[in-house]
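Q: Supplied structure: final15.pdb, PDB, C-alpha atoms.
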```pdb
ATOM      1  CA  MET A 224      15.460   8.673   5.955
ATOM      2  CA  ALA A 225      15.679   5.250   4.310
ATOM      3  CA  PHE A 226      14.129   4.718   0.896
ATOM      4  CA  PHE A 227      10.753   2.947   0.981
ATOM      5  CA  LEU A 228      11.155  -0.454  -0.729
ATOM      6  CA  ILE A 229       7.547  -1.635  -0.671
ATOM      7  CA  GLY A 230       6.333  -4.992  -1.923
ATOM      8  CA  HIS A 231       3.083  -4.116  -3.731
ATOM      9  CA  ARG A 232       0.616  -6.799  -2.599
ATOM     10  CA  GLY A 233       3.825  -8.593  -1.637
ATOM     11  CA  THR A 234       4.690  -9.301  -5.234
ATOM     12  CA  ARG A 235       2.569  -9.737  -8.352
ATOM     13  CA  TYR A 236       5.138 -11.750 -10.282
ATOM     14  CA  GLN A 237       5.505 -15.564 -10.043
ATOM     15  CA  PHE A 238       3.577 -15.586  -6.750
ATOM     16  CA  ASP A 239      -0.082 -14.832  -6.027
ATOM     17  CA  GLU A 240      -0.661 -11.287  -4.790
ATOM     18  CA  ASN A 241      -1.787 -10.573  -1.230
ATOM     19  CA  THR A 242      -0.774 -13.998   0.079
ATOM     20  CA  LEU A 243       1.616 -15.020   2.828
ATOM     21  CA  GLU A 244       3.904 -16.531   0.175
ATOM     22  CA  ALA A 245       4.035 -13.240  -1.758
ATOM     23  CA  PHE A 246       4.866 -11.327   1.410
ATOM     24  CA  LYS A 247       7.625 -13.792   2.342
ATOM     25  CA  ILE A 248       9.337 -13.496  -1.040
ATOM     26  CA  ALA A 249       9.219  -9.674  -0.917
ATOM     27  CA  ILE A 250      10.803  -9.700   2.536
ATOM     28  CA  ASN A 251      13.461 -12.196   1.455
ATOM     29  CA  LYS A 252      14.325 -10.009  -1.545
ATOM     30  CA  GLY A 253      14.924  -6.950   0.617
ATOM     31  CA  ALA A 254      11.640  -5.061   0.933
ATOM     32  CA  ASN A 255      11.334  -2.934   4.061
ATOM     33  CA  TYR A 256       7.517  -2.691   3.768
ATOM     34  CA  ILE A 257       4.801  -4.962   2.448
ATOM     35  CA  GLU A 258       1.641  -3.357   1.068
ATOM     36  CA  PHE A 259      -1.720  -5.113   1.082
ATOM     37  CA  ASP A 260      -5.419  -4.371   0.624
ATOM     38  CA  LEU A 261      -8.225  -4.777   3.149
ATOM     39  CA  ARG A 262     -11.945  -5.468   2.869
ATOM     40  CA  THR A 263     -14.530  -6.883   5.267
ATOM     41  CA  SER A 264     -16.378 -10.168   4.908
ATOM     42  CA  LYS A 265     -20.049 -10.677   5.728
ATOM     43  CA  ASP A 266     -19.095 -11.829   9.222
ATOM     44  CA  GLY A 267     -16.940  -8.751   9.836
ATOM     45  CA  LYS A 268     -13.490 -10.247   9.276
ATOM     46  CA  LEU A 269     -10.741  -8.041   7.797
ATOM     47  CA  VAL A 270      -9.757  -9.881   4.625
ATOM     48  CA  VAL A 271      -6.528  -9.249   2.689
ATOM     49  CA  ILE A 272      -7.723  -8.915  -0.904
ATOM     50  CA  HIS A 273      -7.686  -6.219  -3.587
ATOM     51  CA  ASP A 274     -10.898  -6.828  -5.569
ATOM     52  CA  GLU A 275     -14.537  -6.673  -4.485
ATOM     53  CA  THR A 276     -14.819 -10.326  -5.492
ATOM     54  CA  ILE A 277     -12.621 -13.398  -5.146
ATOM     55  CA  ASN A 278     -13.210 -14.253  -8.825
ATOM     56  CA  ARG A 279     -10.004 -12.933 -10.448
ATOM     57  CA  THR A 280      -7.455 -14.306  -8.014
ATOM     58  CA  THR A 281      -8.969 -17.616  -6.841
ATOM     59  CA  ASN A 282     -10.940 -20.633  -7.976
ATOM     60  CA  GLY A 283     -13.893 -19.330  -5.951
ATOM     61  CA  PHE A 284     -16.707 -16.960  -6.871
ATOM     62  CA  GLY A 285     -18.550 -14.202  -5.056
ATOM     63  CA  LYS A 286     -18.314 -10.790  -3.434
ATOM     64  CA  VAL A 287     -16.202 -10.564  -0.301
ATOM     65  CA  LYS A 288     -18.888  -8.571   1.533
ATOM     66  CA  ASP A 289     -21.495 -11.256   0.794
ATOM     67  CA  MET A 290     -19.416 -14.188   2.054
ATOM     68  CA  ILE A 291     -18.446 -15.288   5.542
ATOM     69  CA  TYR A 292     -14.742 -15.920   5.999
ATOM     70  CA  PRO A 293     -15.043 -19.732   6.305
ATOM     71  CA  GLU A 294     -16.486 -19.652   2.771
ATOM     72  CA  ILE A 295     -13.713 -17.370   1.520
ATOM     73  CA  SER A 296     -11.017 -19.540   3.109
ATOM     74  CA  LYS A 297     -12.157 -22.558   1.060
ATOM     75  CA  ALA A 298     -10.981 -20.839  -2.129
ATOM     76  CA  ASN A 299      -7.420 -21.320  -3.381
ATOM     77  CA  THR A 300      -5.444 -18.748  -5.339
ATOM     78  CA  LEU A 301      -4.901 -19.729  -8.958
ATOM     79  CA  GLY A 302      -1.119 -19.987  -9.079
ATOM     80  CA  ASN A 303       0.259 -21.179  -5.761
ATOM     81  CA  LYS A 304      -2.996 -22.586  -4.361
ATOM     82  CA  SER A 305      -2.761 -20.309  -1.336
ATOM     83  CA  LYS A 306      -5.477 -19.168   1.052
ATOM     84  CA  ILE A 307      -6.743 -15.587   1.302
ATOM     85  CA  PRO A 308      -5.343 -14.402   4.652
ATOM     86  CA  LEU A 309      -6.815 -12.195   7.351
ATOM     87  CA  LEU A 310      -5.230  -8.975   8.619
ATOM     88  CA  GLU A 311      -4.333 -10.457  11.993
ATOM     89  CA  GLU A 312      -2.684 -13.449  10.348
ATOM     90  CA  VAL A 313      -0.417 -11.182   8.289
ATOM     91  CA  LEU A 314       0.468  -8.983  11.265
ATOM     92  CA  ASP A 315       1.182 -11.935  13.536
ATOM     93  CA  THR A 316       3.262 -13.769  10.919
ATOM     94  CA  PHE A 317       5.493 -10.869   9.938
ATOM     95  CA  ARG A 318       5.661  -8.560  12.957
ATOM     96  CA  ASP A 319       9.268  -7.668  13.845
ATOM     97  CA  LYS A 320      10.315  -8.742  10.311
ATOM     98  CA  ILE A 321       8.851  -5.931   8.186
ATOM     99  CA  TYR A 322       6.795  -2.742   8.245
ATOM    100  CA  PHE A 323       3.251  -2.707   6.891
ATOM    101  CA  MET A 324       1.319  -0.513   4.460
ATOM    102  CA  LEU A 325      -2.443  -1.113   4.695
ATOM    103  CA  GLU A 326      -4.630   0.052   1.794
ATOM    104  CA  LEU A 327      -8.265   0.610   2.803
ATOM    105  CA  LYS A 328     -10.546  -0.620   0.021
ATOM    106  CA  GLU A 329     -13.775   0.204   1.853
ATOM    107  CA  ASN A 330     -15.089   3.070   3.920
ATOM    108  CA  GLY A 331     -15.974   2.460   7.545
ATOM    109  CA  ILE A 332     -13.312  -0.145   8.349
ATOM    110  CA  SER A 333     -10.535   2.076   9.678
ATOM    111  CA  GLU A 334     -11.603   2.011  13.342
ATOM    112  CA  GLN A 335     -11.644  -1.801  13.389
ATOM    113  CA  ILE A 336      -8.208  -1.859  11.757
ATOM    114  CA  LEU A 337      -6.711   0.723  14.111
ATOM    115  CA  LYS A 338      -8.082  -1.141  17.118
ATOM    116  CA  ILE A 339      -6.251  -4.296  16.034
ATOM    117  CA  ILE A 340      -3.044  -2.428  15.229
ATOM    118  CA  THR A 341      -2.969  -0.610  18.549
ATOM    119  CA  GLN A 342      -3.794  -3.754  20.530
ATOM    120  CA  LYS A 343      -0.828  -5.452  18.881
ATOM    121  CA  GLN A 344       1.347  -2.366  19.547
ATOM    122  CA  LEU A 345       2.073  -2.007  15.836
ATOM    123  CA  LEU A 346       0.811   1.539  15.234
ATOM    124  CA  LYS A 347       4.300   2.891  14.544
ATOM    125  CA  SER A 348       5.026  -0.053  12.237
ATOM    126  CA  CYS A 349       2.124   0.718   9.890
ATOM    127  CA  ILE A 350       1.214   3.189   7.172
ATOM    128  CA  ILE A 351      -2.528   3.549   6.536
ATOM    129  CA  SER A 352      -3.321   4.317   2.888
ATOM    130  CA  SER A 353      -6.601   5.358   1.268
ATOM    131  CA  ARG A 354      -8.144   7.432  -1.523
ATOM    132  CA  ASP A 355     -10.361   9.082   1.082
ATOM    133  CA  LEU A 356      -8.299  11.920   2.560
ATOM    134  CA  GLY A 357     -11.051  12.837   5.001
ATOM    135  CA  GLU A 358     -10.944   9.357   6.511
ATOM    136  CA  LEU A 359      -7.160   9.511   6.756
ATOM    137  CA  LEU A 360      -7.256  12.862   8.522
ATOM    138  CA  ARG A 361      -9.815  11.520  11.006
ATOM    139  CA  ILE A 362      -7.421   8.652  11.730
ATOM    140  CA  LYS A 363      -4.553  11.092  12.227
ATOM    141  CA  LYS A 364      -6.592  13.224  14.603
ATOM    142  CA  LYS A 365      -7.545  10.254  16.779
ATOM    143  CA  TYR A 366      -4.172   8.494  16.452
ATOM    144  CA  PRO A 367      -1.562  11.279  16.182
ATOM    145  CA  TYR A 368       1.341   8.834  15.925
ATOM    146  CA  SER A 369      -0.146   7.034  12.925
ATOM    147  CA  GLN A 370       1.338   7.489   9.449
ATOM    148  CA  ILE A 371      -1.153   8.213   6.671
ATOM    149  CA  CYS A 372      -0.679   7.966   2.904
ATOM    150  CA  TYR A 373      -3.058   9.619   0.440
ATOM    151  CA  ASN A 374      -3.436   7.513  -2.713
ATOM    152  CA  ILE A 375      -4.180  10.451  -4.987
ATOM    153  CA  THR A 376      -4.153   8.606  -8.339
ATOM    154  CA  ARG A 377      -7.905   8.272  -8.764
ATOM    155  CA  ALA A 378      -8.908  10.302  -5.728
ATOM    156  CA  LYS A 379     -11.261  13.262  -6.045
ATOM    157  CA  ASN A 380     -10.971  15.477  -2.988
ATOM    158  CA  PRO A 381      -8.482  16.803  -3.862
ATOM    159  CA  ASP A 382      -7.516  15.268  -7.182
ATOM    160  CA  LEU A 383      -3.989  15.620  -8.533
ATOM    161  CA  GLU A 384      -4.635  18.775 -10.561
ATOM    162  CA  THR A 385      -6.309  20.510  -7.621
ATOM    163  CA  PHE A 386      -3.497  19.488  -5.270
ATOM    164  CA  LEU A 387      -0.861  20.958  -7.582
ATOM    165  CA  ASN A 388      -2.652  24.304  -7.461
ATOM    166  CA  LEU A 389      -3.017  24.479  -3.682
ATOM    167  CA  SER A 390      -0.968  26.941  -1.686
ATOM    168  CA  SER A 391       1.315  25.751   1.095
ATOM    169  CA  VAL A 392      -1.121  27.204   3.629
ATOM    170  CA  GLU A 393      -3.953  25.146   2.104
ATOM    171  CA  ILE A 394      -1.842  21.998   1.952
ATOM    172  CA  ASN A 395      -0.801  22.388   5.584
ATOM    173  CA  ARG A 396      -4.468  22.114   6.619
ATOM    174  CA  ILE A 397      -4.903  18.735   4.911
ATOM    175  CA  LYS A 398      -1.372  17.375   4.925
ATOM    176  CA  PRO A 399      -0.823  13.596   4.892
ATOM    177  CA  ASP A 400       2.558  12.115   5.759
ATOM    178  CA  LEU A 401       2.881  10.533   2.326
ATOM    179  CA  ILE A 402       1.201  10.662  -1.074
ATOM    180  CA  SER A 403       1.253   7.775  -3.546
ATOM    181  CA  LEU A 404       0.722   8.236  -7.269
ATOM    182  CA  SER A 405       0.750   5.979 -10.322
ATOM    183  CA  SER A 406       4.218   6.104 -11.869
ATOM    184  CA  GLU A 407       3.209   7.466 -15.288
ATOM    185  CA  ARG A 408       1.678  10.578 -13.715
ATOM    186  CA  ILE A 409       4.622  11.602 -11.558
ATOM    187  CA  SER A 410       6.474  14.776 -12.486
ATOM    188  CA  SER A 411       9.302  16.772 -10.940
ATOM    189  CA  ASN A 412       6.751  19.475 -10.215
ATOM    190  CA  PHE A 413       4.662  17.047  -8.172
ATOM    191  CA  ILE A 414       7.632  15.716  -6.211
ATOM    192  CA  ASN A 415       8.958  19.221  -5.520
ATOM    193  CA  LYS A 416       5.500  20.396  -4.413
ATOM    194  CA  CYS A 417       5.263  17.526  -1.936
ATOM    195  CA  HIS A 418       8.789  17.949  -0.610
ATOM    196  CA  LYS A 419       8.311  21.696  -0.189
ATOM    197  CA  ASN A 420       5.429  20.820   2.143
ATOM    198  CA  GLN A 421       7.246  17.978   3.981
ATOM    199  CA  ILE A 422       5.238  15.219   2.267
ATOM    200  CA  LEU A 423       6.993  12.039   1.128
ATOM    201  CA  VAL A 424       6.227  10.668  -2.356
ATOM    202  CA  LEU A 425       5.681   7.040  -3.365
ATOM    203  CA  ALA A 426       5.280   5.631  -6.898
ATOM    204  CA  TRP A 427       3.317   2.543  -7.863
ATOM    205  CA  ASN A 428       2.179   0.721 -11.034
ATOM    206  CA  PHE A 429       5.096  -0.705 -13.007
ATOM    207  CA  MET A 430       3.309  -3.675 -14.578
ATOM    208  CA  ASP A 431       2.938  -2.402 -18.136
ATOM    209  CA  TYR A 432       6.453  -1.111 -18.825
ATOM    210  CA  GLU A 433       8.781  -3.000 -21.132
ATOM    211  CA  ASN A 434      11.705  -1.893 -18.953
ATOM    212  CA  PRO A 435      10.373  -0.962 -15.484
ATOM    213  CA  LYS A 436      13.879  -0.629 -14.025
ATOM    214  CA  SER A 437      14.603   2.343 -16.281
ATOM    215  CA  ILE A 438      11.413   4.063 -15.105
ATOM    216  CA  MET A 439      12.304   3.402 -11.481
ATOM    217  CA  LYS A 440      15.805   4.820 -12.017
ATOM    218  CA  LYS A 441      14.311   7.933 -13.604
ATOM    219  CA  LEU A 442      12.051   8.436 -10.584
ATOM    220  CA  ILE A 443      14.967   7.943  -8.205
ATOM    221  CA  ASP A 444      16.916  10.577 -10.138
ATOM    222  CA  MET A 445      13.886  12.845  -9.605
ATOM    223  CA  ASN A 446      14.340  12.287  -5.841
ATOM    224  CA  ILE A 447      11.285  10.148  -5.145
ATOM    225  CA  ASP A 448      11.081   8.678  -1.625
ATOM    226  CA  GLY A 449       9.847   5.171  -2.339
ATOM    227  CA  ILE A 450       8.568   2.613  -4.838
ATOM    228  CA  LEU A 451       5.853  -0.013  -4.600
ATOM    229  CA  PHE A 452       7.309  -2.982  -6.474
ATOM    230  CA  ASP A 453       5.165  -5.328  -8.536
ATOM    231  CA  ASN A 454       8.134  -7.623  -9.231
ATOM    232  CA  HIS A 455      10.255  -8.700  -6.287
ATOM    233  CA  ASN A 456      13.227  -9.268  -8.599
ATOM    234  CA  ASN A 457      13.624  -5.492  -9.013
ATOM    235  CA  ILE A 458      14.013  -4.707  -5.314
ATOM    236  CA  GLU A 459      17.743  -5.429  -5.019
ATOM    237  CA  TYR A 460      18.549  -3.378  -8.137
ATOM    238  CA  ILE A 461      16.745  -0.302  -6.823
ATOM    239  CA  ALA A 462      18.120  -0.756  -3.315
ATOM    240  CA  ASN A 463      21.646  -0.611  -4.752
ATOM    241  CA  LEU A 464      20.792   2.572  -6.666
ATOM    242  CA  THR A 465      19.317   4.310  -3.664
ATOM    243  CA  ASN A 466      22.274   3.379  -1.477
ATOM    244  CA  LYS A 467      24.473   5.387  -3.847
ATOM    245  CA  ARG A 468      22.146   8.406  -3.824
TER     246      ARG A 468
END
```
Could you take the file, read its structure, and then write that structure out as structure tokens?

A:
Amino acid sequence: MAFFLIGHRGTRYQFDENTLEAFKIAINKGANYIEFDLRTSKDGKLVVIHDETINRTTNGFGKVKDMIYPEISKANTLGNKSKIPLLEEVLDTFRDKIYFMLELKENGISEQILKIITQKQLLKSCIISSRDLGELLRIKKKYPYSQICYNITRAKNPDLETFLNLSSVEINRIKPDLISLSSERISSNFINKCHKNQILVLAWNFMDYENPKSIMKKLIDMNIDGILFDNHNNIEYIANLTNKR
């Protein structure tokens, strides 16, 4: 299986995260997935944005859930002056060019998302990620061919410590296809536990390291299955390493 080279929010370096421009640069640099976050606007649109508000990333102000999308679309991102895109816009722009990893930032939006994905015949091109394992398992039950990723970093049911103490029988009852975890918390024990139970492991959060490439190499040596890149300039380096693995 190919290594997951995932552009985290596209890229978070030199380009504004979760924008079409960030996704394009990640693809051009060799990513095989782009990851992005989803929330709903007041008028029920699926908006590609990480935070509850548009305050941090744009020149606008307000909570996504309290704004209709025409209001949101008037805001420009702070660096590249880009618009906040919608889910359908991202899927339509990049289908057949890349695979997608969709991070659910709200409860109750998965059915709307899956309806769009299936209508566009992109179910097998997407990974659905969430901190709510119950929601992911409901998706898997209704859409057996979907791929689900449990973002366990700050999840609670189960949290990381609980997961590490589960038996294989217990894990098999609640098994996602993938688990993602913040890079500083990943251990060989965690990776081995996942692999023993046929779960793939992804690492994210490389923003605060002085030398993120060295951390990525260490994780690759530990046999991790994929990395969510914050900096698109690191993708080619890691791709070369994994090709030699």

Q: Run the PyMOL selection byres ((chain A and resi 266-273) around 8) on the file and write out the hits as a list in words.

A: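 Output from the PyMOL selection byres ((chain A and resi 266-273) around 8), applied to this file: Asn241, Thr242, Phe259, Asp260, Leu261, Arg262, Thr263, Ser264, Lys265, Asp274, Glu275, Ile277, Met290, Ile291, Tyr292, Ile307, Pro308, Leu309, Leu310, Lys328 and Ile336 of chain A.
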
Q: Quick check, in Å to one decimal: how far apart do atom CA of Gly357 of chain A and atom CA of Val313 of chain A lie?

A: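 Pair atom CA of Gly357 of chain A / atom CA of Val313 of chain A returns 26.5 Å.
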
Q: Name the residues in contact with Lys297 of chain A at a cut-off of 10 Å, using all atoms listed in the file, excluding same-chain residues fewer than 2 positions from it; report them as a PDB file with C-alpha atoms, in the frame of the given file.

A:
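The resulting result_39.pdb:
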```
ATOM      1  CA  THR A 281      -8.969 -17.616  -6.841  1.00  0.00           C
ATOM      2  CA  ASN A 282     -10.940 -20.633  -7.976  1.00  0.00           C
ATOM      3  CA  GLY A 283     -13.893 -19.330  -5.951  1.00  0.00           C
ATOM      4  CA  TYR A 292     -14.742 -15.920   5.999  1.00  0.00           C
ATOM      5  CA  PRO A 293     -15.043 -19.732   6.305  1.00  0.00           C
ATOM      6  CA  GLU A 294     -16.486 -19.652   2.771  1.00  0.00           C
ATOM      7  CA  ILE A 295     -13.713 -17.370   1.520  1.00  0.00           C
ATOM      8  CA  ASN A 299      -7.420 -21.320  -3.381  1.00  0.00           C
ATOM      9  CA  SER A 305      -2.761 -20.309  -1.336  1.00  0.00           C
ATOM     10  CA  LYS A 306      -5.477 -19.168   1.052  1.00  0.00           C
ATOM     11  CA  ILE A 307      -6.743 -15.587   1.302  1.00  0.00           C
TER      12      ILE A 307
END
```

Q: Applied to the shown file, which residues does the PyMOL selection byres ((chain A and resi 345) around 10) return, written as a VMD selection string?

A: chain A and resid 314 318 to 319 322 to 323 337 339 to 344 346 to 349 369

Q: Find the distance between atom CA of Tyr368 of chain A and atom CA of Ser411 of chain A and write it in Å to one decimal.

A: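 Calculated distance between atom CA of Tyr368 of chain A and atom CA of Ser411 of chain A is 29.1 Å.
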
Q: Work out how far atom CA of Pro381 of chain A is from atom CA of Asn415 of chain A, in Å to one decimal.

A: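 So the two atoms, atom CA of Asn415 of chain A and atom CA of Pro381 of chain A, lie 17.7 Å apart.
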
Q: Extract segment 305-397 of chain A from the coordinates I pasted, and write it as a compact mmCIF listing (two decimals), in the first residue's frame (atoms kept: C-alpha atoms).

A:
```
# COMPACT_ATOMS: atom_id res chain seq x y z
CA SER A 305 -8.60 33.91 -1.16
CA LYS A 306 -12.23 32.98 -0.61
CA ILE A 307 -13.42 30.33 1.85
CA PRO A 308 -14.56 27.48 -0.42
CA LEU A 309 -17.47 25.07 -0.16
CA LEU A 310 -17.14 21.28 -0.09
CA GLU A 311 -18.63 20.84 -3.55
CA GLU A 312 -16.26 23.42 -5.01
CA VAL A 313 -13.24 21.52 -3.68
CA LEU A 314 -14.54 18.15 -4.88
CA ASP A 315 -15.43 19.46 -8.33
CA THR A 316 -12.12 21.30 -8.76
CA PHE A 317 -9.83 18.44 -7.76
CA ARG A 318 -11.71 15.23 -8.55
CA ASP A 319 -9.56 12.81 -10.58
CA LYS A 320 -6.45 14.75 -9.46
CA ILE A 321 -6.23 13.78 -5.78
CA TYR A 322 -7.88 11.82 -2.97
CA PHE A 323 -9.69 13.62 -0.17
CA MET A 324 -9.61 13.46 3.63
CA LEU A 325 -12.60 15.24 5.19
CA GLU A 326 -12.39 16.22 8.87
CA LEU A 327 -15.82 16.66 10.48
CA LYS A 328 -15.72 19.65 12.84
CA GLU A 329 -19.37 19.39 13.85
CA ASN A 330 -21.76 16.63 14.79
CA GLY A 331 -24.79 16.00 12.60
CA ILE A 332 -23.25 16.90 9.23
CA SER A 333 -22.04 13.49 8.08
CA GLU A 334 -25.24 12.46 6.26
CA GLN A 335 -25.23 15.66 4.19
CA ILE A 336 -21.56 15.12 3.35
CA LEU A 337 -22.00 11.46 2.43
CA LYS A 338 -24.97 12.31 0.22
CA ILE A 339 -22.82 14.73 -1.78
CA ILE A 340 -19.90 12.32 -1.98
CA THR A 341 -22.03 9.43 -3.17
CA GLN A 342 -23.89 11.58 -5.71
CA LYS A 343 -20.54 12.59 -7.17
CA GLN A 344 -19.38 8.94 -7.10
CA LEU A 345 -16.41 9.87 -4.91
CA LEU A 346 -17.04 7.59 -1.92
CA LYS A 347 -13.96 5.46 -2.63
CA SER A 348 -11.86 8.60 -3.13
CA CYS A 349 -12.55 9.95 0.37
CA ILE A 350 -11.51 9.30 3.95
CA ILE A 351 -13.94 10.61 6.57
CA SER A 352 -12.18 11.72 9.77
CA SER A 353 -13.63 12.69 13.15
CA ARG A 354 -13.02 12.63 16.90
CA ASP A 355 -16.43 11.00 17.31
CA LEU A 356 -15.87 7.27 16.79
CA GLY A 357 -19.57 6.52 17.20
CA GLU A 358 -20.41 8.80 14.28
CA LEU A 359 -17.70 7.19 12.17
CA LEU A 360 -18.98 3.70 12.89
CA ARG A 361 -22.52 4.76 11.95
CA ILE A 362 -21.12 6.01 8.64
CA LYS A 363 -19.31 2.72 8.09
CA LYS A 364 -22.44 0.71 8.82
CA LYS A 365 -24.53 2.68 6.32
CA TYR A 366 -21.73 3.06 3.76
CA PRO A 367 -19.62 -0.12 4.03
CA TYR A 368 -17.21 0.99 1.30
CA SER A 369 -16.35 4.25 3.06
CA GLN A 370 -12.97 4.72 4.74
CA ILE A 371 -13.07 6.14 8.27
CA CYS A 372 -10.25 7.69 10.30
CA TYR A 373 -10.48 8.15 14.07
CA ASN A 374 -8.68 11.33 15.16
CA ILE A 375 -7.81 10.04 18.62
CA THR A 376 -5.58 12.93 19.77
CA ARG A 377 -8.14 14.75 21.89
CA ALA A 378 -10.91 12.18 21.57
CA LYS A 379 -12.54 10.68 24.65
CA ASN A 380 -14.35 7.48 23.73
CA PRO A 381 -11.91 5.81 23.66
CA ASP A 382 -8.99 8.09 24.45
CA LEU A 383 -5.44 7.06 23.60
CA GLU A 384 -4.66 5.45 26.97
CA THR A 385 -7.88 3.42 26.92
CA PHE A 386 -7.26 2.31 23.33
CA LEU A 387 -3.77 1.05 24.19
CA ASN A 388 -5.27 -1.16 26.89
CA LEU A 389 -8.01 -2.69 24.75
CA SER A 390 -7.79 -6.31 23.69
CA SER A 391 -7.85 -7.26 20.03
CA VAL A 392 -11.37 -8.61 20.50
CA GLU A 393 -12.50 -5.24 21.90
CA ILE A 394 -10.74 -3.30 19.15
CA ASN A 395 -12.33 -5.47 16.46
CA ARG A 396 -15.78 -4.32 17.62
CA ILE A 397 -14.94 -0.64 17.13
```
